[in-house]
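J.: My structure is in structure32.tsv, and what it holds is TSV, C-alpha atoms:
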chain	number	residue	atom	x	y	z
F	1	MET	CA	10.10	27.98	-10.13
F	2	GLY	CA	6.48	27.02	-10.75
F	3	THR	CA	5.77	27.17	-7.02
F	4	LEU	CA	7.45	30.58	-6.77
F	5	ASN	CA	5.41	31.94	-9.68
F	6	MET	CA	2.14	30.63	-8.24
F	7	LEU	CA	2.93	32.00	-4.78
F	8	GLY	CA	3.49	35.41	-6.38
F	9	LEU	CA	0.12	35.12	-8.11
F	10	ALA	CA	-1.60	34.03	-4.88
F	11	LYS	CA	-0.07	37.03	-3.09
F	12	ARG	CA	-1.26	39.49	-5.78
F	13	ILE	CA	-4.86	38.27	-5.96
F	14	GLY	CA	-5.33	37.14	-2.34
F	15	ALA	CA	-5.87	33.45	-3.16
F	16	ARG	CA	-5.49	30.45	-0.87
F	17	PHE	CA	-2.54	28.43	-2.15
F	18	LEU	CA	-2.32	24.61	-2.09
F	19	LEU	CA	1.10	22.97	-2.33
F	20	THR	CA	0.92	19.31	-3.29
F	21	SER	CA	4.17	18.17	-1.74
F	22	THR	CA	5.31	14.58	-1.41
F	23	SER	CA	6.37	11.82	0.94
F	24	GLU	CA	9.74	12.09	-0.84
F	25	VAL	CA	10.57	15.00	1.49
F	26	TYR	CA	11.27	12.26	4.08
F	27	GLY	CA	13.91	10.68	1.81
F	28	ASP	CA	14.99	7.22	2.99
F	29	PRO	CA	13.38	7.58	6.43
F	30	LEU	CA	14.94	6.52	9.71
F	31	GLU	CA	11.54	6.98	11.41
F	32	HIS	CA	8.70	4.55	10.71
F	33	PRO	CA	5.90	5.33	10.12
F	34	GLN	CA	6.62	8.93	9.13
F	35	LYS	CA	5.01	11.79	11.07
F	36	GLU	CA	4.85	15.35	9.75
F	37	THR	CA	7.27	16.42	12.50
F	38	TYR	CA	10.02	14.19	11.00
F	39	TRP	CA	12.59	16.27	9.09
F	40	GLY	CA	13.67	13.45	6.81
F	41	ASN	CA	16.85	11.72	5.67
F	42	VAL	CA	17.66	13.03	2.19
F	43	ASN	CA	20.85	12.77	0.15
F	44	PRO	CA	21.18	16.33	-1.23
F	45	ILE	CA	23.43	15.30	-4.14
F	46	GLY	CA	21.91	11.91	-5.03
F	47	VAL	CA	20.16	10.93	-8.25
F	48	ARG	CA	16.74	11.50	-6.66
F	49	SER	CA	17.70	14.76	-4.95
F	50	CYS	CA	16.37	17.09	-7.66
F	51	TYR	CA	12.86	15.85	-6.82
F	52	ASP	CA	13.32	15.41	-3.05
F	53	GLU	CA	15.05	18.74	-2.51
F	54	GLY	CA	12.85	20.50	-5.09
F	55	LYS	CA	9.76	19.63	-3.07
F	56	ARG	CA	11.48	20.49	0.23
F	57	THR	CA	12.40	23.89	-1.22
F	58	ALA	CA	8.81	24.36	-2.44
F	59	GLU	CA	7.62	23.80	1.16
F	60	THR	CA	10.19	26.35	2.36
F	61	LEU	CA	9.01	28.95	-0.16
F	62	THR	CA	5.37	28.30	0.73
F	63	MET	CA	5.97	28.87	4.44
F	64	ASP	CA	8.14	31.95	3.72
F	65	TYR	CA	5.32	33.51	1.68
F	66	HIS	CA	2.89	32.67	4.48
F	67	ARG	CA	5.06	34.17	7.22
F	68	GLY	CA	6.49	37.07	5.23
F	69	ALA	CA	3.62	38.11	2.98
F	70	GLY	CA	0.56	36.75	4.78
F	71	VAL	CA	-0.40	34.38	1.96
F	72	GLU	CA	-2.96	31.76	3.03
F	73	VAL	CA	-1.33	28.40	2.35
F	74	ARG	CA	-2.05	24.67	2.75
F	75	ILE	CA	0.56	21.91	2.42
F	76	ALA	CA	-0.21	18.25	1.64
F	77	ARG	CA	2.48	15.57	1.60
F	78	ILE	CA	1.10	13.00	-0.82
F	79	PHE	CA	2.11	9.35	-0.59
F	80	ASN	CA	1.90	6.88	-3.50
F	81	THR	CA	-1.43	7.29	-5.28
F	82	TYR	CA	-2.97	5.19	-8.05
F	83	GLY	CA	-6.16	5.06	-10.10
F	84	PRO	CA	-7.69	5.27	-13.58
F	85	ARG	CA	-6.35	7.68	-16.22
F	86	MET	CA	-2.74	7.55	-15.06
F	87	CYS	CA	-0.15	7.56	-17.84
F	88	LEU	CA	0.42	3.99	-18.99
F	89	ASP	CA	4.21	4.34	-18.94
F	90	ASP	CA	4.85	6.92	-16.22
F	91	GLY	CA	7.40	4.73	-14.43
F	92	ARG	CA	5.41	4.54	-11.17
F	93	VAL	CA	5.39	1.08	-9.68
F	94	VAL	CA	1.61	0.44	-9.76
F	95	SER	CA	1.21	1.57	-13.37
F	96	ASN	CA	4.37	-0.37	-14.34
F	97	PHE	CA	3.10	-3.62	-12.83
F	98	VAL	CA	-0.45	-3.23	-14.18
F	99	ALA	CA	0.64	-2.32	-17.72
F	100	GLN	CA	3.25	-5.11	-17.80
F	101	ALA	CA	0.81	-7.76	-16.56
F	102	ILE	CA	-1.84	-6.74	-19.10
F	103	ARG	CA	0.76	-6.79	-21.90
F	104	LYS	CA	1.93	-10.27	-20.78
F	105	GLN	CA	5.37	-8.87	-19.93
F	106	PRO	CA	7.31	-9.78	-16.76
F	107	MET	CA	6.74	-7.35	-13.88
F	108	THR	CA	9.95	-5.47	-13.15
F	109	VAL	CA	11.05	-5.54	-9.50
F	110	TYR	CA	14.13	-3.54	-8.53
F	111	GLY	CA	16.38	-4.95	-5.81
F	112	ASP	CA	14.99	-7.75	-3.64
F	113	GLY	CA	11.42	-6.42	-3.71
F	114	LYS	CA	11.27	-6.10	0.07
F	115	GLN	CA	11.13	-2.29	0.07
F	116	THR	CA	7.69	-1.08	1.15
F	117	ARG	CA	5.25	1.54	-0.10
F	118	SER	CA	1.73	2.61	0.87
F	119	PHE	CA	-0.86	3.00	-1.89
F	120	GLN	CA	-3.93	5.23	-1.76
F	121	TYR	CA	-6.74	5.34	-4.30
F	122	VAL	CA	-7.13	8.67	-6.08
F	123	SER	CA	-10.63	9.41	-4.73
F	124	ASP	CA	-9.30	9.24	-1.15
F	125	LEU	CA	-6.59	11.75	-2.04
F	126	VAL	CA	-9.11	14.13	-3.62
F	127	ASP	CA	-11.29	13.96	-0.49
F	128	GLY	CA	-8.22	14.77	1.62
F	129	LEU	CA	-7.18	17.74	-0.53
F	130	VAL	CA	-10.72	19.18	-0.45
F	131	ALA	CA	-10.87	18.78	3.35
F	132	LEU	CA	-7.48	20.51	3.64
F	133	MET	CA	-8.47	23.46	1.44
F	134	GLU	CA	-11.83	23.89	3.17
F	135	GLY	CA	-10.31	23.67	6.66
F	136	GLU	CA	-8.38	26.18	8.73
F	137	HIS	CA	-5.14	24.23	9.24
F	138	ILE	CA	-2.01	24.98	7.20
F	139	GLY	CA	-0.35	21.59	7.53
F	140	PRO	CA	1.76	19.93	6.41
F	141	PHE	CA	-0.52	16.91	6.39
F	142	ASN	CA	0.39	13.39	5.30
F	143	LEU	CA	-2.22	12.17	2.81
F	144	GLY	CA	-1.73	8.48	2.16
F	145	ASN	CA	-3.01	5.02	2.98
F	146	PRO	CA	-1.23	3.43	5.97
F	147	GLY	CA	-1.66	-0.04	4.45
F	148	GLU	CA	1.95	-1.09	3.79
F	149	PHE	CA	3.02	-3.50	1.03
F	150	THR	CA	6.37	-4.78	-0.12
F	151	MET	CA	6.94	-4.64	-3.88
F	152	LEU	CA	6.61	-8.43	-3.99
F	153	GLU	CA	3.27	-8.27	-2.14
F	154	LEU	CA	2.07	-5.61	-4.59
F	155	ALA	CA	3.11	-7.84	-7.49
F	156	GLU	CA	1.08	-10.71	-5.97
F	157	VAL	CA	-2.04	-8.51	-5.71
F	158	VAL	CA	-1.60	-7.43	-9.34
F	159	LYS	CA	-1.29	-11.11	-10.34
F	160	GLU	CA	-4.50	-11.94	-8.45
F	161	VAL	CA	-6.41	-9.17	-10.21
F	162	ILE	CA	-4.98	-9.50	-13.75
F	163	ASP	CA	-3.17	-12.74	-14.50
F	164	PRO	CA	-2.16	-15.46	-11.98
F	165	SER	CA	0.47	-16.67	-14.47
F	166	ALA	CA	2.27	-13.31	-14.60
F	167	THR	CA	6.01	-13.50	-13.88
F	168	ILE	CA	8.49	-11.25	-12.05
F	169	GLU	CA	11.86	-10.09	-13.38
F	170	PHE	CA	14.39	-8.83	-10.84
F	171	ARG	CA	16.74	-5.97	-11.76
F	172	PRO	CA	19.45	-4.09	-9.85
F	173	ASN	CA	18.01	-1.52	-7.48
F	174	THR	CA	18.09	2.20	-8.23
F	175	ALA	CA	20.24	4.53	-6.11
F	176	ASP	CA	18.81	6.02	-2.88
F	177	ASP	CA	15.61	3.98	-3.19
F	178	PRO	CA	13.75	4.39	0.14
F	179	HIS	CA	13.53	1.11	2.07
F	180	LYS	CA	10.28	1.90	3.85
F	181	ARG	CA	7.42	4.30	3.28
F	182	LYS	CA	4.30	4.49	5.44
F	183	PRO	CA	2.37	7.59	6.53
F	184	ASP	CA	1.27	8.37	10.05
F	185	ILE	CA	-2.11	10.00	9.26
F	186	SER	CA	-3.26	10.68	12.82
F	187	ARG	CA	-2.90	14.46	12.29
F	188	ALA	CA	-5.11	14.47	9.18
F	189	ASN	CA	-7.55	12.17	10.91
F	190	GLU	CA	-7.81	14.43	13.96
F	191	LEU	CA	-7.76	17.89	12.32
F	192	LEU	CA	-9.33	17.19	8.89
F	193	ASN	CA	-11.54	14.27	9.93
F	194	TRP	CA	-10.00	12.38	7.01
F	195	GLU	CA	-8.87	8.82	6.45
F	196	PRO	CA	-8.68	6.69	3.31
F	197	LYS	CA	-11.59	4.32	2.65
F	198	VAL	CA	-10.54	2.32	-0.43
F	199	ARG	CA	-8.42	-0.81	0.09
F	200	LEU	CA	-5.82	-1.72	-2.54
F	201	ARG	CA	-7.73	-4.88	-3.48
F	202	ASP	CA	-10.86	-2.78	-4.11
F	203	GLY	CA	-9.24	0.13	-5.94
F	204	LEU	CA	-6.85	-1.81	-8.14
F	205	PRO	CA	-9.55	-3.47	-10.32
F	206	LEU	CA	-10.95	0.01	-11.18
F	207	MET	CA	-7.53	1.06	-12.42
F	208	VAL	CA	-6.99	-2.25	-14.23
F	209	ASN	CA	-10.25	-1.90	-16.21
F	210	ASP	CA	-9.18	1.54	-17.44
F	211	PHE	CA	-5.62	0.40	-18.30
F	212	ARG	CA	-6.90	-2.72	-20.08
F	213	ASN	CA	-9.25	-0.68	-22.30
F	214	ARG	CA	-6.52	1.80	-23.23
F	215	ILE	CA	-3.87	-0.86	-23.87
F	216	LEU	CA	-6.27	-2.87	-26.06
F	217	ASN	CA	-7.16	0.27	-28.03
F	218	GLU	CA	-3.46	1.06	-28.34
F	219	ASP	CA	-2.80	-2.45	-29.70
F	220	GLU	CA	-5.69	-2.19	-32.17
F	221	GLY	CA	-4.28	1.12	-33.40
F	222	LYS	CA	-0.97	-0.64	-34.10
F	223	GLY	CA	-2.81	-3.38	-36.00
F	224	ASN	CA	-1.98	-6.05	-33.38
Once you've parsed the file, please lay out its structure as structure tokens.
T.:
Amino acid sequence: MGTLNMLGLAKRIGARFLLTSTSEVYGDPLEHPQKETYWGNVNPIGVRSCYDEGKRTAETLTMDYHRGAGVEVRIARIFNTYGPRMCLDDGRVVSNFVAQAIRKQPMTVYGDGKQTRSFQYVSDLVDGLVALMEGEHIGPFNLGNPGEFTMLELAEVVKEVIDPSATIEFRPNTADDPHKRKPDISRANELLNWEPKVRLRDGLPLMVNDFRNRILNEDEGKGN
């Protein structure tokens, strides 16, 4: 509904509209890595479907407004992104691991930890969105870092950066959890002249410093 309202506003005032879509439109992909031409493998009635299908519908609406009403649109499919100032307890895997390691809690891994994700630093994403909005191509464009990590590999990097003695706690996997996630960014590279520059091992310490300061302040506020 938010997308529909904003498309109506863009139509009325003649604005260029940016839809920040998601890699979740690919669902649990059967193609690896994922190109923008891949239509995805989504369970339409699963526990994750409200998000997956919500974003797919938002892309549909965006293209309908472009074709039917001449609205200038741009579509970005954003893959996992991390960085400072994220919510401490937003449930995303990087913030979960970082907050748990700083708090001396076990890092929670769902399933066997062999599912993969690709993590891009927030400044790379911002550069990509600016290039998309300033360019002449509608998209969709994958914006993500092709560096692929299993959850266990991510946990090891977090341990290296924060606390080598941190432990891992395995829990049952969530339903419809994608097994693999890695963007093919050749289209963005060719048409937007964009590619991510920040490696996980370089970006993670910047996020950790911010999280550590906020968690310590939070603890002081509780009198710990």
J.: Find the residue from F:Arg214, F:Arg199, F:Arg16, F:Arg117 that sits nearest to F:Leu132; use all atoms listed in the file when measuring.
T.: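 Closest candidate: F:Arg16.
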J.: Show me, as a ChimeraX atom specification, the residues that have an atom within 7 Å of stretch 140-153 of chain F when counting all atoms listed in the file, minus same-chain residues fewer than 4 positions from it.
T.: /F:36,75-80,113-120,125,128,157,182-185,187-188,196
J.: Can you pull out every residue within 12 Å of F:Gln100, counting only C-alpha atoms, but drop anything in the same chain fewer than 4 positions away, and send it as a PyMOL selection string?
T.: chain F and resi 88-89+91-96+104-109+155+158-159+162-163+166-169+208+211-212+215
J.: Atom CA of F:Met63 and atom CA of F:Leu19, how far apart in Å?
T.: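 Calculated distance between atom CA of F:Leu19 and atom CA of F:Met63 is 10.2 Å.
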J.: Ranking F:Met133, F:Thr81, F:Glu220, F:His179 by minimum distance to F:Glu31 and counting only C-alpha atoms, which one comes first?
T.: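 So, comparing all the options, the nearest one is F:His179.
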J.: Could you check how far atom CA of F:Gly40 sits from atom CA of F:Arg56, in Å to one decimal?
T.: 9.9 Å
J.: Expressed in Å to a single decimal, how great is the separation between atom CA of F:Gly203 and atom CA of F:Lys180?
T.: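 So the answer is 21.9 Å.
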J.: Between F:Asp28, F:Glu59, F:Asp112, F:Leu204, which is the closest to F:Asn173 once you count all atoms listed in the file?
T.: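 Once distances to F:Asn173 are computed over all atoms listed in the file, the minimum belongs to F:Asp112.
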J.: Tell me which of F:Val98, F:Leu129, F:Gly111, F:Leu192 sits closest to F:Leu206, counting only C-alpha atoms.
T.: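 So, comparing all the options, the nearest one is F:Val98.
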J.: Select from stretch 69-122 of chain F every residue with an atom at most 9 Å from any atom of stretch 3-14 of chain F, then for each give the shortest pair of atoms and their distance in Å to one decimal, using only C-alpha atoms, rows by chain and rising number, as CSV.
T.:
residue,atom,partner,partner_atom,distance
F:Ala69,CA,F:Lys11,CA,7.2
F:Gly70,CA,F:Lys11,CA,7.9
F:Val71,CA,F:Lys11,CA,5.7
F:Glu72,CA,F:Gly14,CA,8.0
J.: From the list F:Asp64, F:Lys197, F:Pro84, F:Leu18, which residue is nearest F:Gly135 when using all atoms listed in the file?
T.: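 Smallest distance to F:Gly135 is found for F:Leu18.
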J.: Looking at only C-alpha atoms, which of F:Val130, F:Ala175, F:Ala58, F:Val73 is the one that sits closest to F:Ser21?
T.: F:Ala58
